[in-house]
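Student: The file below is target_4.pdb, PDB, C-alpha atoms:
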ATOM      1  CA  MET T   1    -157.303-251.944 -56.848  1.00  0.00           C
ATOM      2  CA  SER T   2    -159.378-253.379 -59.674  1.00  0.00           C
ATOM      3  CA  GLU T   3    -159.159-257.119 -60.189  1.00  0.00           C
ATOM      4  CA  ASN T   4    -158.482-256.762 -63.926  1.00  0.00           C
ATOM      5  CA  LEU T   5    -155.954-253.943 -63.604  1.00  0.00           C
ATOM      6  CA  ARG T   6    -152.963-256.252 -64.047  1.00  0.00           C
ATOM      7  CA  ASN T   7    -154.601-257.976 -66.999  1.00  0.00           C
ATOM      8  CA  GLU T   8    -155.395-254.624 -68.665  1.00  0.00           C
ATOM      9  CA  ALA T   9    -151.822-253.473 -68.078  1.00  0.00           C
ATOM     10  CA  GLU T  10    -150.443-256.658 -69.636  1.00  0.00           C
ATOM     11  CA  ALA T  11    -152.803-256.380 -72.604  1.00  0.00           C
ATOM     12  CA  LEU T  12    -151.680-252.785 -73.095  1.00  0.00           C
ATOM     13  CA  ALA T  13    -148.024-253.821 -72.859  1.00  0.00           C
ATOM     14  CA  ALA T  14    -148.476-256.501 -75.517  1.00  0.00           C
ATOM     15  CA  SER T  15    -150.560-254.148 -77.661  1.00  0.00           C
ATOM     16  CA  LEU T  16    -147.937-251.418 -77.389  1.00  0.00           C
ATOM     17  CA  GLU T  17    -145.205-253.869 -78.363  1.00  0.00           C
ATOM     18  CA  ILE T  18    -147.018-254.813 -81.563  1.00  0.00           C
ATOM     19  CA  GLY T  19    -148.098-251.274 -82.371  1.00  0.00           C
ATOM     20  CA  ALA T  20    -151.816-251.667 -81.735  1.00  0.00           C
ATOM     21  CA  VAL T  21    -151.855-248.819 -79.209  1.00  0.00           C
ATOM     22  CA  SER T  22    -149.691-245.788 -78.594  1.00  0.00           C
ATOM     23  CA  VAL T  23    -147.949-244.404 -75.532  1.00  0.00           C
ATOM     24  CA  ALA T  24    -150.679-241.742 -75.471  1.00  0.00           C
ATOM     25  CA  ASP T  25    -153.299-244.514 -75.234  1.00  0.00           C
ATOM     26  CA  VAL T  26    -151.494-245.981 -72.223  1.00  0.00           C
ATOM     27  CA  VAL T  27    -151.264-242.577 -70.544  1.00  0.00           C
ATOM     28  CA  ALA T  28    -154.995-242.008 -71.163  1.00  0.00           C
ATOM     29  CA  TRP T  29    -155.752-245.431 -69.647  1.00  0.00           C
ATOM     30  CA  ALA T  30    -153.649-244.609 -66.574  1.00  0.00           C
ATOM     31  CA  HIS T  31    -155.487-241.309 -66.113  1.00  0.00           C
ATOM     32  CA  SER T  32    -158.836-243.112 -66.320  1.00  0.00           C
ATOM     33  CA  VAL T  33    -157.695-245.611 -63.677  1.00  0.00           C
ATOM     34  CA  ILE T  34    -156.544-242.783 -61.403  1.00  0.00           C
ATOM     35  CA  GLU T  35    -159.939-241.102 -61.747  1.00  0.00           C
ATOM     36  CA  ALA T  36    -161.797-244.347 -61.002  1.00  0.00           C
ATOM     37  CA  GLU T  37    -159.697-245.681 -58.131  1.00  0.00           C
ATOM     38  CA  GLU T  38    -159.727-244.187 -54.667  1.00  0.00           C
ATOM     39  CA  GLN T  39    -156.085-245.124 -54.075  1.00  0.00           C
ATOM     40  CA  PRO T  40    -154.432-246.017 -57.375  1.00  0.00           C
ATOM     41  CA  HIS T  41    -151.221-248.012 -57.231  1.00  0.00           C
ATOM     42  CA  TRP T  42    -148.019-245.995 -57.651  1.00  0.00           C
ATOM     43  CA  SER T  43    -147.219-247.875 -60.872  1.00  0.00           C
ATOM     44  CA  VAL T  44    -150.387-246.525 -62.502  1.00  0.00           C
ATOM     45  CA  CYS T  45    -149.556-243.004 -61.318  1.00  0.00           C
ATOM     46  CA  GLU T  46    -146.125-243.352 -62.889  1.00  0.00           C
ATOM     47  CA  LEU T  47    -147.686-244.477 -66.174  1.00  0.00           C
ATOM     48  CA  ALA T  48    -149.822-241.336 -66.215  1.00  0.00           C
ATOM     49  CA  THR T  49    -146.628-239.247 -66.388  1.00  0.00           C
ATOM     50  CA  MET T  50    -144.927-241.198 -69.193  1.00  0.00           C
ATOM     51  CA  GLY T  51    -146.299-239.325 -72.202  1.00  0.00           C
ATOM     52  CA  SER T  52    -142.849-238.507 -73.539  1.00  0.00           C
ATOM     53  CA  SER T  53    -141.288-241.888 -72.702  1.00  0.00           C
ATOM     54  CA  ASP T  54    -140.252-244.437 -75.289  1.00  0.00           C
ATOM     55  CA  LYS T  55    -142.188-247.659 -75.833  1.00  0.00           C
ATOM     56  CA  PRO T  56    -139.811-250.064 -74.068  1.00  0.00           C
ATOM     57  CA  ASN T  57    -139.893-247.970 -70.885  1.00  0.00           C
ATOM     58  CA  VAL T  58    -143.678-247.760 -70.960  1.00  0.00           C
ATOM     59  CA  VAL T  59    -143.953-251.516 -71.576  1.00  0.00           C
ATOM     60  CA  GLY T  60    -141.681-252.119 -68.587  1.00  0.00           C
ATOM     61  CA  ALA T  61    -143.740-249.782 -66.423  1.00  0.00           C
ATOM     62  CA  LEU T  62    -146.964-251.522 -67.463  1.00  0.00           C
ATOM     63  CA  ARG T  63    -145.447-254.791 -66.308  1.00  0.00           C
ATOM     64  CA  GLU T  64    -144.812-253.244 -62.868  1.00  0.00           C
ATOM     65  CA  VAL T  65    -148.560-253.100 -62.198  1.00  0.00           C
ATOM     66  CA  PRO T  66    -149.103-255.778 -59.529  1.00  0.00           C
ATOM     67  CA  GLY T  67    -151.418-258.746 -59.726  1.00  0.00           C
ATOM     68  CA  ALA T  68    -151.896-262.108 -61.360  1.00  0.00           C
ATOM     69  CA  ILE T  69    -152.249-262.463 -65.114  1.00  0.00           C
ATOM     70  CA  ASP T  70    -155.046-264.375 -66.816  1.00  0.00           C
ATOM     71  CA  HIS T  71    -153.258-265.169 -70.074  1.00  0.00           C
ATOM     72  CA  ASP T  72    -156.408-266.177 -71.947  1.00  0.00           C
ATOM     73  CA  TRP T  73    -158.123-262.925 -70.996  1.00  0.00           C
ATOM     74  CA  VAL T  74    -155.064-260.920 -72.049  1.00  0.00           C
ATOM     75  CA  ARG T  75    -154.814-262.689 -75.410  1.00  0.00           C
ATOM     76  CA  GLY T  76    -158.458-262.007 -76.149  1.00  0.00           C
ATOM     77  CA  ARG T  77    -158.062-258.393 -75.071  1.00  0.00           C
ATOM     78  CA  VAL T  78    -155.144-257.868 -77.464  1.00  0.00           C
ATOM     79  CA  VAL T  79    -157.336-258.962 -80.380  1.00  0.00           C
ATOM     80  CA  HIS T  80    -160.072-256.698 -79.057  1.00  0.00           C
ATOM     81  CA  ARG T  81    -157.614-253.782 -78.885  1.00  0.00           C
ATOM     82  CA  LEU T  82    -156.554-254.395 -82.478  1.00  0.00           C
ATOM     83  CA  ALA T  83    -160.191-254.201 -83.550  1.00  0.00           C
ATOM     84  CA  GLN T  84    -160.898-251.203 -81.340  1.00  0.00           C
ATOM     85  CA  GLY T  85    -157.781-249.375 -82.486  1.00  0.00           C
ATOM     86  CA  LEU T  86    -158.756-249.779 -86.112  1.00  0.00           C
ATOM     87  CA  ALA T  87    -162.369-248.773 -85.457  1.00  0.00           C
ATOM     88  CA  GLU T  88    -161.285-245.621 -83.632  1.00  0.00           C
ATOM     89  CA  ASP T  89    -158.580-244.570 -86.054  1.00  0.00           C
ATOM     90  CA  ARG T  90    -158.556-245.990 -89.556  1.00  0.00           C
ATOM     91  CA  THR T  91    -155.148-244.403 -90.161  1.00  0.00           C
ATOM     92  CA  ARG T  92    -153.774-247.197 -87.940  1.00  0.00           C
ATOM     93  CA  ALA T  93    -154.607-249.785 -90.620  1.00  0.00           C
ATOM     94  CA  ASP T  94    -151.045-250.120 -91.910  1.00  0.00           C
ATOM     95  CA  ARG T  95    -149.630-250.386 -88.399  1.00  0.00           C
ATOM     96  CA  ILE T  96    -152.237-252.979 -87.382  1.00  0.00           C
ATOM     97  CA  ALA T  97    -151.733-254.955 -90.597  1.00  0.00           C
ATOM     98  CA  SER T  98    -147.998-254.954 -89.943  1.00  0.00           C
ATOM     99  CA  ALA T  99    -148.533-256.088 -86.336  1.00  0.00           C
ATOM    100  CA  LEU T 100    -150.761-258.931 -87.502  1.00  0.00           C
ATOM    101  CA  TYR T 101    -148.183-259.929 -90.094  1.00  0.00           C
ATOM    102  CA  ARG T 102    -145.434-260.071 -87.454  1.00  0.00           C
ATOM    103  CA  LEU T 103    -147.670-262.165 -85.192  1.00  0.00           C
ATOM    104  CA  ALA T 104    -148.403-264.565 -88.067  1.00  0.00           C
ATOM    105  CA  GLN T 105    -144.706-264.825 -88.918  1.00  0.00           C
ATOM    106  CA  ALA T 106    -143.999-265.769 -85.310  1.00  0.00           C
ATOM    107  CA  ASP T 107    -146.792-268.382 -85.500  1.00  0.00           C
ATOM    108  CA  GLU T 108    -148.716-266.615 -82.728  1.00  0.00           C
ATOM    109  CA  LEU T 109    -152.095-266.570 -84.490  1.00  0.00           C
ATOM    110  CA  PRO T 110    -153.732-269.982 -84.177  1.00  0.00           C
ATOM    111  CA  ASP T 111    -157.063-268.797 -85.566  1.00  0.00           C
ATOM    112  CA  ARG T 112    -157.195-269.481 -89.329  1.00  0.00           C
ATOM    113  CA  LYS T 113    -159.226-266.376 -90.078  1.00  0.00           C
ATOM    114  CA  LEU T 114    -156.723-264.196 -88.226  1.00  0.00           C
ATOM    115  CA  GLN T 115    -153.851-265.901 -90.033  1.00  0.00           C
ATOM    116  CA  SER T 116    -155.506-265.278 -93.386  1.00  0.00           C
ATOM    117  CA  LEU T 117    -156.131-261.676 -92.430  1.00  0.00           C
ATOM    118  CA  ALA T 118    -152.519-261.264 -91.340  1.00  0.00           C
ATOM    119  CA  TRP T 119    -151.094-262.610 -94.613  1.00  0.00           C
ATOM    120  CA  TRP T 120    -153.533-260.582 -96.735  1.00  0.00           C
ATOM    121  CA  ALA T 121    -154.058-257.185 -95.069  1.00  0.00           C
ATOM    122  CA  SER T 122    -150.737-255.417 -95.571  1.00  0.00           C
ATOM    123  CA  ASP T 123    -150.462-256.391 -99.224  1.00  0.00           C
ATOM    124  CA  ALA T 124    -154.132-255.587 -99.840  1.00  0.00           C
ATOM    125  CA  LEU T 125    -153.684-252.087 -98.409  1.00  0.00           C
ATOM    126  CA  ASP T 126    -150.689-251.453-100.664  1.00  0.00           C
ATOM    127  CA  LEU T 127    -152.437-252.882-103.723  1.00  0.00           C
ATOM    128  CA  ALA T 128    -155.568-250.844-103.045  1.00  0.00           C
ATOM    129  CA  ASP T 129    -153.478-247.685-102.684  1.00  0.00           C
ATOM    130  CA  ASP T 130    -151.918-248.401-106.075  1.00  0.00           C
ATOM    131  CA  GLY T 131    -155.290-249.206-107.669  1.00  0.00           C
ATOM    132  CA  LEU T 132    -154.169-252.734-108.527  1.00  0.00           C
ATOM    133  CA  ILE T 133    -157.139-254.514-106.948  1.00  0.00           C
ATOM    134  CA  PRO T 134    -160.842-253.736-107.276  1.00  0.00           C
ATOM    135  CA  GLU T 135    -161.215-252.959-103.548  1.00  0.00           C
ATOM    136  CA  THR T 136    -160.533-249.477-102.262  1.00  0.00           C
ATOM    137  CA  ARG T 137    -158.418-248.820 -99.199  1.00  0.00           C
ATOM    138  CA  ASP T 138    -161.609-248.173 -97.213  1.00  0.00           C
ATOM    139  CA  GLU T 139    -163.070-251.506 -98.336  1.00  0.00           C
ATOM    140  CA  VAL T 140    -159.889-253.334 -97.291  1.00  0.00           C
ATOM    141  CA  ILE T 141    -160.009-251.610 -93.902  1.00  0.00           C
ATOM    142  CA  ASP T 142    -163.687-252.572 -93.585  1.00  0.00           C
ATOM    143  CA  GLN T 143    -162.759-256.214 -94.199  1.00  0.00           C
ATOM    144  CA  MET T 144    -159.918-256.017 -91.680  1.00  0.00           C
ATOM    145  CA  LEU T 145    -162.222-254.483 -89.105  1.00  0.00           C
ATOM    146  CA  ALA T 146    -164.923-257.104 -89.695  1.00  0.00           C
ATOM    147  CA  ALA T 147    -162.439-259.980 -89.299  1.00  0.00           C
ATOM    148  CA  LEU T 148    -160.838-258.487 -86.186  1.00  0.00           C
ATOM    149  CA  THR T 149    -164.209-257.736 -84.622  1.00  0.00           C
ATOM    150  CA  GLU T 150    -165.400-261.272 -85.311  1.00  0.00           C
ATOM    151  CA  ALA T 151    -162.220-262.709 -83.796  1.00  0.00           C
ATOM    152  CA  ALA T 152    -162.506-260.430 -80.757  1.00  0.00           C
ATOM    153  CA  GLU T 153    -166.129-261.436 -80.193  1.00  0.00           C
ATOM    154  CA  ALA T 154    -165.188-265.095 -80.528  1.00  0.00           C
ATOM    155  CA  GLY T 155    -162.322-264.614 -78.066  1.00  0.00           C
ATOM    156  CA  ALA T 156    -159.708-265.742 -80.589  1.00  0.00           C
ATOM    157  CA  PRO T 157    -156.439-266.029 -78.695  1.00  0.00           C
ATOM    158  CA  ILE T 158    -152.988-264.961 -79.735  1.00  0.00           C
ATOM    159  CA  GLN T 159    -150.515-267.624 -78.699  1.00  0.00           C
ATOM    160  CA  ARG T 160    -147.932-265.601 -76.893  1.00  0.00           C
ATOM    161  CA  PRO T 161    -146.239-266.285 -73.583  1.00  0.00           C
ATOM    162  CA  PHE T 162    -147.113-262.874 -72.118  1.00  0.00           C
TER     163      PHE T 162
END
Go ahead and express the file in the form of structure tokens.
Tutor:
Amino acid sequence: MSENLRNEAEALAASLEIGAVSVADVVAWAHSVIEAEEQPHWSVCELATMGSSDKPNVVGALREVPGAIDHDWVRGRVVHRLAQGLAEDRTRADRIASALYRLAQADELPDRKLQSLAWWASDALDLADDGLIPETRDEVIDQMLAALTEAAEAGAPIQRPF
């Protein structure tokens, strides 16, 4: 079993909880692990069958994947997943902005740039949609993506007791 499998599972669980990934993303990840591993753990096989399950059940199943957790790695990976999720599907912008806002409200974003992004993004998207700011929705999303990518590359942690 891959050394980072438990860390990936934990990062996916945290990302699913905050809305950065979907159940379908988790199922796709599980299928990729099954393809790559000669003898995948039963918990990963179970995750591959959970496409119609609700988020809390999938989060619980992700946390059944065995291994030790590197909390710093997981925190950095969650930021990376936020950036990746937005890059892959710009329609996730509102969901990602909302997730960042909730993390900032819970004081789980120690990085000042991420905090600023969290307080600004959701409102900026709404204001852009209404034509009340000079930036378009696409320009706001570009700024969100740039800030998240920068934070992911810098390894900006989310303070969360995963």
Student: Evaluating the PyMOL selection byres ((chain T and resi 67-74) around 7) on the displayed file yields which residues, as a list in words?
Tutor: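 Expected selection for the PyMOL selection byres ((chain T and resi 67-74) around 7) here is Arg6, Asn7, Glu10, Ala11, Val65, Pro66, Arg75, Gly76, Arg77, Val78, Pro157 and Phe162 of chain T.
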Student: Please work out which residues fall within 10 Å of (-166.7, -256.7, -83.9), coordinates as given in the file, with only C-alpha atoms counting, and return them as an MDAnalysis selection string.
Tutor: chainID T and resid 80 83:84 87 145:154
Student: With all atoms listed in the file as the basis for distance, which of T:Ala20, T:Val58, T:Ala30, T:Leu86 is at the shortest distance from Cys45 (chain T)?
Tutor: T:Ala30
Student: Can you tell me which residues surround region 50-54 of chain T at a distance of at most 12 Å, considering all atoms listed in the file, apart from same-chain residues fewer than 3 positions away, and format the answer as a list of chain:residue names?
Tutor: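 Result of the neighbour search: T:Leu16, T:Glu17, T:Ser22, T:Val23, T:Ala24, T:Asp25, T:Val26, T:Val27, T:Ala28, T:Trp29, T:Ala30, T:His31, T:Ser43, T:Val44, T:Cys45, T:Glu46, T:Leu47, T:Asn57, T:Val58, T:Val59, T:Gly60, T:Ala61, T:Leu62.
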Student: Translate the PyMOL selection byres ((chain T and resi 101) around 9) into a concrete residue list for this structure, as a PyMOL selection string.
Tutor: chain T and resi 96-100+102-106+115+117-122
Student: Mind giving me the straight-line distance from CA of Ala14 (chain T) to CA of Val140 (chain T) in Å, one decimal?
Tutor: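 Separation of CA of Ala14 (chain T) and CA of Val140 (chain T): 24.8 Å.
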Student: Tell me, in Å to one decimal, how far CA of Thr49 (chain T) is from CA of Asp94 (chain T).
Tutor: 28.1 Å
Student: Using Å and a single decimal, report how far CA of Ile141 (chain T) sits from CA of Leu82 (chain T).
Tutor: 12.3 Å
